[in-house]
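See below for run37.cif, which holds mmCIF, C-alpha atoms and all ligand atoms.
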```cif
data_final
loop_
_atom_site.label_atom_id
_atom_site.label_comp_id
_atom_site.auth_asym_id
_atom_site.auth_seq_id
_atom_site.Cartn_x
_atom_site.Cartn_y
_atom_site.Cartn_z
CA MET A 175 0.00 0.00 0.00
CA THR A 176 1.41 3.38 -1.07
CA THR A 177 -0.09 6.45 0.53
CA LEU A 178 -0.07 9.86 -1.12
CA ASN A 179 2.66 10.91 1.34
CA ASP A 180 4.78 7.86 0.43
CA TYR A 181 4.30 8.65 -3.23
CA PHE A 182 5.37 12.27 -2.82
CA GLN A 183 8.43 11.20 -0.80
CA SER A 184 9.59 8.81 -3.52
CA TYR A 185 8.84 11.44 -6.15
CA LEU A 186 11.08 13.97 -4.42
CA THR A 187 13.83 11.38 -4.00
CA ALA A 188 13.79 10.79 -7.77
CA THR A 189 14.01 14.53 -8.37
CA SER A 190 17.19 16.29 -9.41
CA SER A 191 18.16 19.18 -7.14
CA ASP A 192 17.76 21.87 -9.85
CA SER A 193 14.00 21.48 -9.99
CA SER A 194 13.35 20.17 -6.47
CA SER A 195 12.08 23.41 -4.95
CA GLU A 196 9.44 23.87 -7.65
CA LYS A 197 8.40 20.24 -7.30
CA SER A 198 8.10 20.36 -3.53
CA ALA A 199 6.07 23.57 -3.82
CA VAL A 200 3.65 21.89 -6.26
CA ILE A 201 3.36 18.89 -3.92
CA ASP A 202 2.67 21.13 -0.96
CA VAL A 203 -0.16 22.84 -2.85
CA ILE A 204 -1.66 19.48 -3.92
CA ASN A 205 -1.51 18.38 -0.26
CA THR A 206 -3.42 21.50 0.77
CA ILE A 207 -6.10 20.81 -1.86
CA THR A 208 -6.45 17.15 -0.83
CA THR A 209 -6.78 18.12 2.83
CA VAL A 210 -9.71 20.35 1.90
CA GLY A 211 -11.04 17.54 -0.31
CA LYS A 212 -11.28 15.32 2.77
CA GLU A 213 -13.33 18.02 4.54
CA ILE A 214 -15.67 18.30 1.54
CA THR A 215 -15.97 14.49 1.47
CA GLU A 216 -17.04 14.54 5.12
CA LEU A 217 -19.65 17.25 4.45
CA LEU A 218 -21.05 15.31 1.50
CA ARG A 219 -21.27 12.14 3.58
CA LYS A 220 -23.38 13.97 6.16
CA GLY A 221 -25.42 15.46 3.31
CA ALA A 222 -28.69 17.01 4.37
CA LEU A 223 -27.64 16.61 8.01
CA ALA A 224 -24.74 19.05 7.47
CA ASP A 225 -27.11 21.63 5.94
CA ILE A 226 -25.15 21.64 2.68
CA HIS A 227 -28.11 21.18 0.32
CA GLY A 228 -29.99 23.92 -1.47
CA GLU A 229 -29.26 27.38 -2.81
CA ALA A 230 -26.92 29.88 -1.18
CA GLY A 231 -29.16 32.69 -2.38
CA ALA A 232 -26.55 34.45 -4.53
CA GLU A 233 -25.25 34.36 -8.10
CA ASN A 234 -21.63 33.99 -9.21
CA VAL A 235 -19.95 36.27 -11.77
CA GLN A 236 -21.30 34.03 -14.53
CA GLY A 237 -24.91 34.58 -13.50
CA GLU A 238 -25.31 31.06 -12.10
CA GLN A 239 -27.18 30.35 -8.87
CA GLN A 240 -24.66 29.34 -6.21
CA LYS A 241 -25.44 26.27 -4.14
CA LYS A 242 -24.56 26.25 -0.47
CA LEU A 243 -21.80 23.73 -1.08
CA ASP A 244 -20.35 25.80 -3.98
CA VAL A 245 -19.81 28.60 -1.46
CA ILE A 246 -18.59 26.36 1.38
CA ALA A 247 -16.11 24.49 -0.85
CA ASN A 248 -14.89 27.77 -2.33
CA ASP A 249 -14.30 29.31 1.11
CA LEU A 250 -12.48 26.22 2.41
CA LEU A 251 -10.14 26.15 -0.59
CA LEU A 252 -9.63 29.90 -0.54
CA ASP A 253 -8.69 29.92 3.17
CA ALA A 254 -6.38 26.91 2.92
CA LEU A 255 -4.60 27.96 -0.26
CA THR A 256 -4.07 31.60 0.67
CA ALA A 257 -2.39 30.30 3.86
CA ASN A 258 0.00 28.13 1.82
CA LYS A 259 3.33 29.96 1.50
CA HIS A 260 3.90 28.69 -2.04
CA CYS A 261 0.60 30.08 -3.29
CA ALA A 262 0.87 33.60 -4.72
CA GLY A 263 -2.80 33.79 -5.59
CA VAL A 264 -5.95 31.90 -6.46
CA ALA A 265 -8.71 32.16 -9.05
CA SER A 266 -12.02 30.36 -8.65
CA GLU A 267 -15.25 29.83 -10.56
CA GLU A 268 -17.01 31.41 -7.59
CA LEU A 269 -14.86 34.57 -7.29
CA ASP A 270 -15.12 37.48 -9.74
CA ASP A 271 -11.39 38.27 -9.66
CA ALA A 272 -8.12 36.68 -8.65
CA THR A 273 -7.32 36.78 -4.93
CA PRO A 274 -3.72 37.60 -3.98
CA ALA A 275 -2.15 35.35 -1.35
CA ASN A 276 1.59 35.35 -0.53
CA GLU A 277 3.83 37.67 -2.54
CA SER A 278 6.81 35.36 -2.13
CA GLY A 279 4.76 32.43 -3.49
CA GLU A 280 5.85 30.91 -6.78
CA LEU A 281 2.56 29.26 -7.79
CA LEU A 282 -0.92 30.25 -8.93
CA VAL A 283 -3.85 27.95 -8.25
CA LEU A 284 -7.12 27.91 -10.20
CA PHE A 285 -10.07 25.81 -9.12
CA ASP A 286 -13.66 24.83 -9.69
CA PRO A 287 -14.45 24.23 -6.01
CA LEU A 288 -17.50 22.11 -6.72
CA ASP A 289 -18.10 20.74 -10.20
CA GLY A 290 -21.51 19.29 -10.94
CA SER A 291 -23.44 21.51 -8.53
CA SER A 292 -26.78 20.22 -9.80
CA ASN A 293 -25.78 16.79 -8.44
CA ILE A 294 -25.25 17.90 -4.82
CA ASP A 295 -28.83 17.74 -3.63
CA ILE A 296 -29.49 14.32 -5.22
CA ASN A 297 -26.44 12.46 -3.85
CA MET A 298 -24.81 12.09 -7.25
CA PRO A 299 -21.11 12.53 -8.07
CA THR A 300 -19.45 15.93 -7.79
CA GLY A 301 -15.82 16.99 -7.65
CA THR A 302 -13.17 19.66 -7.25
CA ILE A 303 -10.97 20.52 -10.25
CA PHE A 304 -7.59 22.26 -9.92
CA SER A 305 -4.88 23.69 -12.12
CA ILE A 306 -1.44 24.87 -10.93
CA LEU A 307 0.50 27.48 -12.91
CA PRO A 308 3.81 29.26 -12.26
CA HIS A 309 3.65 32.82 -10.94
CA ASN A 310 5.85 34.62 -13.43
CA ASN A 311 5.87 37.96 -11.60
CA LYS A 312 7.13 36.62 -8.30
CA GLY A 313 7.32 39.27 -5.59
CA GLN A 314 4.38 41.24 -6.99
CA ALA A 315 0.75 40.95 -5.90
CA VAL A 316 -1.13 38.85 -8.45
CA THR A 317 -3.58 40.29 -10.94
CA ASN A 318 -6.07 38.51 -13.20
CA ALA A 319 -3.56 38.91 -16.05
CA ASP A 320 -0.99 36.69 -14.26
CA PHE A 321 -3.39 33.75 -14.59
CA LEU A 322 -3.89 34.14 -18.35
CA GLN A 323 -1.40 31.44 -19.34
CA LYS A 324 -1.92 28.68 -21.84
CA GLY A 325 -2.86 25.19 -20.64
CA THR A 326 0.54 23.97 -21.81
CA GLU A 327 2.09 26.08 -19.01
CA GLN A 328 0.37 24.07 -16.26
CA LEU A 329 2.79 22.49 -13.78
CA ALA A 330 0.17 20.04 -12.52
CA ALA A 331 -3.58 19.52 -12.67
CA GLY A 332 -6.13 17.16 -11.27
CA TYR A 333 -9.42 16.60 -9.56
CA LEU A 334 -11.03 15.13 -6.49
CA LEU A 335 -14.07 13.04 -7.30
CA TYR A 336 -16.72 12.77 -4.60
CA GLY A 337 -18.48 9.61 -5.75
CA SER A 338 -19.39 6.38 -4.04
CA SER A 339 -15.76 6.59 -2.93
CA ALA A 340 -13.58 9.71 -2.93
CA MET A 341 -10.76 9.63 -5.45
CA LEU A 342 -7.88 11.88 -6.41
CA ALA A 343 -6.48 11.97 -9.94
CA PHE A 344 -3.58 14.21 -10.87
CA THR A 345 -0.72 14.59 -13.25
CA PHE A 346 2.41 16.68 -13.36
CA SER A 347 3.49 18.35 -16.56
CA ASP A 348 5.80 16.19 -18.65
CA ALA A 349 8.78 18.27 -17.45
CA LEU A 350 8.00 17.76 -13.76
CA ASP A 351 7.08 14.06 -13.97
CA SER A 352 10.40 12.68 -12.69
CA ASN A 353 8.97 9.19 -12.19
CA ASN A 354 7.25 9.06 -15.60
CA ASP A 355 4.02 8.07 -13.89
CA GLY A 356 1.65 10.04 -16.14
CA VAL A 357 -1.84 10.25 -14.71
CA ILE A 358 -2.04 8.83 -11.19
CA LEU A 359 -5.14 7.74 -9.30
CA PHE A 360 -5.57 7.51 -5.51
CA SER A 361 -8.56 6.43 -3.43
CA LEU A 362 -9.41 7.82 0.00
CA ASN A 363 -9.37 5.09 2.64
CA PRO A 364 -12.26 6.12 4.93
CA THR A 365 -10.79 4.12 7.82
CA THR A 366 -7.36 5.79 7.88
CA GLY A 367 -8.24 9.08 6.17
CA GLU A 368 -5.27 8.54 3.81
CA PHE A 369 -5.25 8.58 0.03
CA GLU A 370 -3.85 5.27 -1.25
CA LEU A 371 -2.39 4.63 -4.69
CA VAL A 372 -4.68 2.74 -7.06
CA LYS A 373 -3.09 3.14 -10.48
CA LYS A 374 -0.29 4.93 -12.33
CA ASN A 375 0.16 5.66 -16.04
CA ILE A 376 -3.52 5.61 -16.84
CA SER A 377 -4.04 5.23 -20.57
CA ILE A 378 -7.13 5.92 -22.68
CA ASP A 379 -7.93 3.64 -25.63
CA ALA A 380 -7.98 5.44 -28.99
CA ASP A 381 -11.36 3.86 -29.83
CA THR A 382 -14.57 3.69 -27.85
CA LYS A 383 -18.26 2.87 -28.04
CA GLU A 384 -19.27 5.25 -25.25
CA TYR A 385 -20.05 8.95 -25.55
CA ALA A 386 -21.28 11.71 -23.22
CA ILE A 387 -23.24 14.75 -24.39
CA ASN A 388 -26.33 16.59 -23.17
CA ALA A 389 -28.61 15.66 -26.06
CA SER A 390 -31.37 18.04 -24.93
CA ASN A 391 -29.32 20.76 -26.67
CA ALA A 392 -29.18 18.87 -29.99
CA ARG A 393 -31.28 21.37 -31.92
CA HIS A 394 -28.86 24.16 -30.93
CA TRP A 395 -25.67 22.35 -32.00
CA LEU A 396 -23.77 23.31 -35.15
CA PRO A 397 -24.43 21.04 -38.19
CA PRO A 398 -21.13 19.05 -37.95
CA MET A 399 -21.85 18.15 -34.31
CA GLN A 400 -25.40 17.13 -35.23
CA GLN A 401 -23.95 14.96 -37.99
CA TYR A 402 -21.38 13.35 -35.66
CA ILE A 403 -23.98 12.38 -33.05
CA ASN A 404 -26.48 11.24 -35.72
CA GLU A 405 -23.82 8.90 -37.08
CA LEU A 406 -23.24 7.45 -33.59
CA LEU A 407 -26.99 7.05 -33.09
CA ALA A 408 -27.32 5.20 -36.41
CA GLY A 409 -25.13 2.44 -34.94
CA THR A 410 -24.58 -0.63 -37.11
CA THR A 411 -27.01 0.75 -39.70
CA GLY A 412 -24.95 3.95 -40.23
CA PRO A 413 -21.51 4.91 -41.60
CA ARG A 414 -19.74 4.02 -38.33
CA GLY A 415 -20.90 0.41 -38.55
CA LYS A 416 -21.06 -0.14 -34.77
CA ASN A 417 -23.42 0.62 -31.91
CA PHE A 418 -22.60 3.33 -29.35
CA ASN A 419 -23.88 3.86 -25.82
CA THR A 420 -24.58 7.15 -23.96
CA ARG A 421 -23.37 7.88 -20.43
CA TRP A 422 -23.86 11.35 -18.89
CA VAL A 423 -22.97 12.10 -15.26
CA ALA A 424 -23.92 15.83 -15.47
CA ALA A 425 -20.62 16.64 -13.77
CA MET A 426 -17.62 16.94 -16.08
CA VAL A 427 -15.44 15.53 -13.32
CA GLY A 428 -17.49 12.31 -13.31
CA ASP A 429 -17.47 11.99 -17.09
CA VAL A 430 -13.71 12.58 -17.28
CA HIS A 431 -13.17 10.06 -14.49
CA ARG A 432 -15.15 7.45 -16.42
CA ILE A 433 -13.04 8.16 -19.51
CA LEU A 434 -9.82 7.72 -17.52
CA CYS A 435 -11.17 4.43 -16.11
CA ARG A 436 -12.68 2.83 -19.21
CA GLY A 437 -12.44 5.21 -22.16
CA GLY A 438 -15.02 7.22 -24.07
CA ILE A 439 -15.57 10.70 -25.46
CA PHE A 440 -17.03 13.70 -23.60
CA ILE A 441 -18.51 16.63 -25.46
CA TYR A 442 -19.87 20.00 -24.34
CA PRO A 443 -20.05 21.69 -27.73
CA LYS A 444 -20.56 25.21 -28.92
CA ASP A 445 -24.25 25.85 -29.52
CA THR A 446 -26.49 28.65 -30.73
CA LYS A 447 -28.60 28.92 -27.54
CA ASP A 448 -26.73 31.97 -26.28
CA PRO A 449 -24.54 33.50 -29.01
CA SER A 450 -22.56 35.46 -26.38
CA LYS A 451 -21.13 32.19 -24.99
CA ALA A 452 -18.43 30.20 -26.77
CA GLY A 453 -19.43 27.08 -24.83
CA LYS A 454 -20.58 26.15 -21.34
CA LEU A 455 -17.38 24.97 -19.68
CA ARG A 456 -14.69 27.28 -18.40
CA LEU A 457 -11.23 27.20 -19.96
CA MET A 458 -9.04 27.99 -16.97
CA TYR A 459 -10.41 25.75 -14.22
CA GLU A 460 -12.36 23.08 -16.11
CA ALA A 461 -11.13 22.56 -19.69
CA ASN A 462 -7.39 23.16 -19.24
CA PRO A 463 -6.81 20.93 -16.20
CA MET A 464 -8.94 18.15 -17.70
CA SER A 465 -7.09 18.54 -21.01
CA LEU A 466 -3.74 18.02 -19.28
CA LEU A 467 -5.03 14.83 -17.65
CA ILE A 468 -6.57 13.53 -20.87
CA GLU A 469 -3.54 14.28 -23.05
CA ARG A 470 -1.10 12.83 -20.51
CA ALA A 471 -3.23 9.66 -20.61
CA GLY A 472 -2.90 9.49 -24.41
CA GLY A 473 -6.26 11.04 -25.27
CA ALA A 474 -7.00 14.27 -27.14
CA SER A 475 -8.73 17.47 -26.06
CA THR A 476 -10.03 20.08 -28.51
CA ASP A 477 -12.75 22.68 -28.99
CA ALA A 478 -13.91 20.48 -31.95
CA ILE A 479 -11.14 21.89 -34.16
CA ASN A 480 -8.23 23.31 -32.15
CA ARG A 481 -6.27 21.96 -29.19
CA ILE A 482 -7.62 23.45 -25.95
CA MET A 483 -4.25 23.75 -24.22
CA ASP A 484 -3.03 26.03 -27.06
CA TYR A 485 -5.71 28.67 -26.33
CA GLU A 486 -4.27 32.09 -25.41
CA PRO A 487 -6.65 32.97 -22.54
CA THR A 488 -8.26 36.40 -22.46
CA ASP A 489 -10.35 36.11 -19.28
CA ILE A 490 -10.14 33.95 -16.17
CA HIS A 491 -13.83 32.99 -16.62
CA GLN A 492 -13.62 32.44 -20.37
CA ARG A 493 -15.78 29.63 -21.79
CA VAL A 494 -14.77 27.12 -24.41
CA PRO A 495 -16.37 24.23 -26.32
CA VAL A 496 -14.94 20.87 -25.19
CA VAL A 497 -14.46 17.61 -27.10
CA LEU A 498 -12.13 15.26 -25.23
CA GLY A 499 -11.22 11.63 -24.72
CA ALA A 500 -10.58 8.74 -27.14
CA LYS A 501 -8.18 10.02 -29.79
CA ASN A 502 -9.82 8.52 -32.87
CA GLU A 503 -13.28 9.83 -31.91
CA VAL A 504 -11.94 13.33 -31.18
CA GLU A 505 -10.25 13.23 -34.60
CA GLN A 506 -13.52 12.15 -36.23
CA VAL A 507 -15.24 15.21 -34.69
CA GLN A 508 -12.38 17.39 -35.97
CA LYS A 509 -12.68 15.91 -39.46
CA LEU A 510 -16.40 16.69 -39.70
CA HIS A 511 -15.84 20.26 -38.46
CA GLN A 512 -12.96 20.87 -40.86
CA GLN A 513 -15.04 19.63 -43.81
CA ALA A 514 -17.97 21.92 -42.89
P1 LIG B 1 -20.50 23.64 -12.41
O1 LIG B 1 -21.36 22.82 -11.52
O2 LIG B 1 -19.10 23.83 -11.86
O3 LIG B 1 -21.13 24.95 -12.83
O4 LIG B 1 -20.21 22.82 -13.76
C1 LIG B 1 -21.24 22.08 -14.32
C2 LIG B 1 -20.87 21.77 -15.75
C3 LIG B 1 -20.17 20.44 -15.95
O5 LIG B 1 -19.68 19.82 -14.85
C4 LIG B 1 -21.19 19.55 -16.58
O6 LIG B 1 -20.61 18.73 -17.51
C5 LIG B 1 -22.15 20.51 -17.17
O7 LIG B 1 -22.05 21.71 -16.47
C6 LIG B 1 -23.56 20.00 -17.08
O8 LIG B 1 -24.36 20.85 -17.77
P2 LIG B 1 -25.89 20.57 -18.12
O9 LIG B 1 -26.61 21.65 -17.41
O10 LIG B 1 -25.97 20.70 -19.62
O11 LIG B 1 -26.23 19.19 -17.65
MN MN B 2 -17.75 22.95 -13.13
MN MN B 3 -18.45 24.62 -9.92
#
```

Starting from the file, give its structure as structure tokens.
Ligand code: AHG
Ligand code: MN
Ligand code: MN
Amino acid sequence: MTTLNDYFQSYLTATSSDSSSEKSAVIDVINTITTVGKEITELLRKGALADIHGEAGAENVQGEQQKKLDVIANDLLLDALTANKHCAGVASEELDDATPANESGELLVLFDPLDGSSNIDINMPTGTIFSILPHNNKGQAVTNADFLQKGTEQLAAGYLLYGSSAMLAFTFSDALDSNNDGVILFSLNPTTGEFELVKKNISIDADTKEYAINASNARHWLPPMQQYINELLAGTTGPRGKNFNTRWVAAMVGDVHRILCRGGIFIYPKDTKDPSKAGKLRLMYEANPMSLLIERAGGASTDAINRIMDYEPTDIHQRVPVVLGAKNEVEQVQKLHQQA
């Protein structure tokens, strides 16, 4: 049995001294996030008894109703991370602007404190998504602009999944992955309160028969996306010549977790419902961290045409269409969009 602490110890031992301070800073921040994740797990286990269900009575900067647990999870992460000496600042789905933390900190942390908010009140899976970036203006108080770095700049990213068990998945950037472990999965042992290693080097098959999309928006999708899904629905009688199955968790973190465990494709496409929005999901604390995980596991992550991690961000709350998972399916989506 390898605990998260054991894993981090062996990781640091394998690390050359030139990059060790950055690596131990990243580890320290991940430890802070997982400590909060255990608190959120406890709250979710108590559920209605902990008074975490229902609306908080406010809206976030994106005009979405905040749930009580959105606010609680955000406050827990905000307090813990701003107290971490390596953290120069945080940005969250639930906060209009970046919050400065420690000026001597070398890292920026972005998070979706509670992904899948509509699942909270019905005891369905939710999660916390995080992305860790370097603070390139060390010694200066952070501004929103400091966070506007491409997904390829991420030092590490991951999520906590609050499902029937609590799990932690994370990956370091290629440059920081001294053990070459790729995407790593831990499970929280409820008896000891420790995360224990389940799997390293998670790999996503290039092909799949499983897809996730909210089909209630079908009439608003662009024609190439309608064509792609119609071809899947046609099964053995259509051009794809095989049957596909739908799975939709209604929390990106759950759908991405399923893809890391057994493959598939997840899509939240651009649609014409609200022309002011490029997509539903947020680039900086949903799409980029999930893209790092998916790519490091051998999958692909695009906006239907372009690689998500190559986006030059313009806003910390920017939205982006998302098509990620099994490489050959993501390429099929790209092909139909390029032909259109
Ligand atoms: P959040 O709860 O952080 O706002 O994110 C919810 C997102 C994502 O997790 C999920 O895939 C999607 O919204 C579900 O959207 P639908 O309303 O279309 O089900
Ligand atoms: Mn979310
Ligand atoms: Mn959220």

*When you draw a straight line from atom CA of Asp180 of chain A to atom CA of Phe346 of chain A, how long is it in Å?*
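Atom CA of Asp180 of chain A sits 16.5 Å away from atom CA of Phe346 of chain A.
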
Compute the distance from (-13.0, 23.8, -16.7) to each atom, counting all atoms listed in the file, keep the residues with any atom at most 10 Å away, and return them as a compact mmCIF listing (two decimals) with C-alpha atoms, keeping the file's coordinate frame; use the coordinates of the file.
```
# COMPACT_ATOMS: atom_id res chain seq x y z
CA GLU A 267 -15.25 29.83 -10.56
CA LEU A 284 -7.12 27.91 -10.20
CA PHE A 285 -10.07 25.81 -9.12
CA ASP A 286 -13.66 24.83 -9.69
CA ASP A 289 -18.10 20.74 -10.20
CA ILE A 303 -10.97 20.52 -10.25
CA PHE A 304 -7.59 22.26 -9.92
CA SER A 305 -4.88 23.69 -12.12
CA MET A 426 -17.62 16.94 -16.08
CA VAL A 427 -15.44 15.53 -13.32
CA LYS A 454 -20.58 26.15 -21.34
CA LEU A 455 -17.38 24.97 -19.68
CA ARG A 456 -14.69 27.28 -18.40
CA LEU A 457 -11.23 27.20 -19.96
CA MET A 458 -9.04 27.99 -16.97
CA TYR A 459 -10.41 25.75 -14.22
CA GLU A 460 -12.36 23.08 -16.11
CA ALA A 461 -11.13 22.56 -19.69
CA ASN A 462 -7.39 23.16 -19.24
CA PRO A 463 -6.81 20.93 -16.20
CA MET A 464 -8.94 18.15 -17.70
CA SER A 465 -7.09 18.54 -21.01
CA HIS A 491 -13.83 32.99 -16.62
CA GLN A 492 -13.62 32.44 -20.37
CA ARG A 493 -15.78 29.63 -21.79
CA VAL A 494 -14.77 27.12 -24.41
CA VAL A 496 -14.94 20.87 -25.19
```

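Shortest atom-to-atom contact with ligand MN 3 (chain B) among A:Gln512, A:Thr177, A:Gln236, A:Ser195: A:Gln236, counting only C-alpha atoms and all ligand atoms.
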
*Nearest to ligand MN 2 (chain B) among A:Gly428, A:Pro274, A:Gly237, A:Gly356, with distances taken over all atoms listed in the file: which residue is it?*
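Smallest separation from ligand MN 2 (chain B) among the options: A:Gly428.
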
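Atom to atom, atom CA of Asp381 of chain A and atom CA of Ala500 of chain A stand 5.6 Å apart.
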
Restrict the calculation to all atoms listed in the file, then for each residue of chain A with any atom at most 9 Å from an atom of ligand LIG 1 (chain B) give the closest atom pair and their distance in Å to one decimal, rows by chain and rising residue number, as CSV.
```
residue,atom,partner,partner_atom,distance
A:Glu238,CA,B:LIG1,O3,7.4
A:Gln240,CA,B:LIG1,O3,8.7
A:Asp244,CA,B:LIG1,O1,8.2
A:Glu267,CA,B:LIG1,O2,7.2
A:Glu268,CA,B:LIG1,O2,8.9
A:Asp286,CA,B:LIG1,O2,5.9
A:Pro287,CA,B:LIG1,O2,7.5
A:Leu288,CA,B:LIG1,O2,5.7
A:Asp289,CA,B:LIG1,O2,3.6
A:Gly290,CA,B:LIG1,O1,3.6
A:Ser291,CA,B:LIG1,O1,3.9
A:Ser292,CA,B:LIG1,O1,6.3
A:Asn293,CA,B:LIG1,O1,8.1
A:Thr300,CA,B:LIG1,O5,8.1
A:Gly301,CA,B:LIG1,O5,8.6
A:Thr302,CA,B:LIG1,O2,8.6
A:Ile303,CA,B:LIG1,O2,8.9
A:Ile387,CA,B:LIG1,O10,8.1
A:Asn388,CA,B:LIG1,O10,5.4
A:Ala389,CA,B:LIG1,O10,8.6
A:Ser390,CA,B:LIG1,O10,8.0
A:Asn391,CA,B:LIG1,O10,7.8
A:Trp422,CA,B:LIG1,O6,8.2
A:Val423,CA,B:LIG1,O6,7.4
A:Ala424,CA,B:LIG1,C6,4.5
A:Ala425,CA,B:LIG1,O5,3.5
A:Met426,CA,B:LIG1,O5,3.7
A:Val427,CA,B:LIG1,O5,6.2
A:Gly428,CA,B:LIG1,O5,8.0
A:Asp429,CA,B:LIG1,O6,7.4
A:Phe440,CA,B:LIG1,O6,8.7
A:Ile441,CA,B:LIG1,O6,8.5
A:Tyr442,CA,B:LIG1,O6,7.0
A:Lys454,CA,B:LIG1,O7,6.8
A:Leu455,CA,B:LIG1,C2,6.2
A:Arg456,CA,B:LIG1,O4,8.5
A:Glu460,CA,B:LIG1,O2,8.0
```

_atom CA of Ala452 of chain A to atom CA of Met298 of chain A, distance in Å rounded to a single decimal_ = 27.4 Å

*Nearest to Ala478 of chain A by atom-to-atom distance, counting all atoms listed in the file, from A:Ser339, A:Thr189, A:Gln513, A:Thr326*: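 Looking at the shortest contact to Ala478 of chain A, the residue is A:Gln513.
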
_10 Å contact set for Arg470 of chain A, all atoms listed in the file, chain neighbours under 6 positions out, as a list in words_ = Thr345, Phe346, Ser347, Asp348, Asp355, Gly356, Val357, Asn375, Ile376, Ser377, Ile378 and Met464 of chain A

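Minimum atom-to-atom distances from A:Ser266, A:Ser278, A:Gln183, A:Thr176 to ligand MN 2 (chain B) were compared using all atoms listed in the file, and the lowest value belongs to A:Ser266.
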
_I'd like the neighbourhood of Tyr385 of chain A as a VMD selection string, where a residue qualifies if any of its atoms comes within 9 Å (using all atoms listed in the file), though same-chain residues fewer than 4 positions away should be ignored._
chain A and resid 406 418 to 422 438 to 441

_Distance criterion (all atoms listed in the file): nearest to Asp477 of chain A out of A:Asn248, A:Ser450, A:Asn205, A:Gln508_ = A:Gln508

*asked:* Please determine, counting all atoms listed in the file, which residue among A:Ser361, A:Gly263, A:Lys451, A:Ser352 has the shortest atom-to-atom distance to Asp320 of chain A.
replied: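 That would be A:Gly263, the residue with the smallest distance to Asp320 of chain A.
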
*asked:* If we count only C-alpha atoms and set the cut-off at 12 Å, which residues sit around Asn310 of chain A, ignoring sequence neighbours fewer than 4 positions away in its own chain? Please answer as a ChimeraX atom specification.
replied: /A:262-263,277-282,314-317,319-323,327

*Thr187 of chain A environment, 12 Å, all atoms listed in the file, sequence neighbours closer than 6 positions dropped, as an MDAnalysis selection string*: chainID A and resid 180:181 193:194 197:198 352:353

Dump as a compact mmCIF listing (two decimals), in the coordinates of the input, selection limited to C-alpha atoms:
```txt
# COMPACT_ATOMS: atom_id res chain seq x y z
CA ASP A 180 4.78 7.86 0.43
CA TYR A 181 4.30 8.65 -3.23
CA SER A 193 14.00 21.48 -9.99
CA SER A 194 13.35 20.17 -6.47
CA LYS A 197 8.40 20.24 -7.30
CA SER A 198 8.10 20.36 -3.53
CA SER A 352 10.40 12.68 -12.69
CA ASN A 353 8.97 9.19 -12.19
```
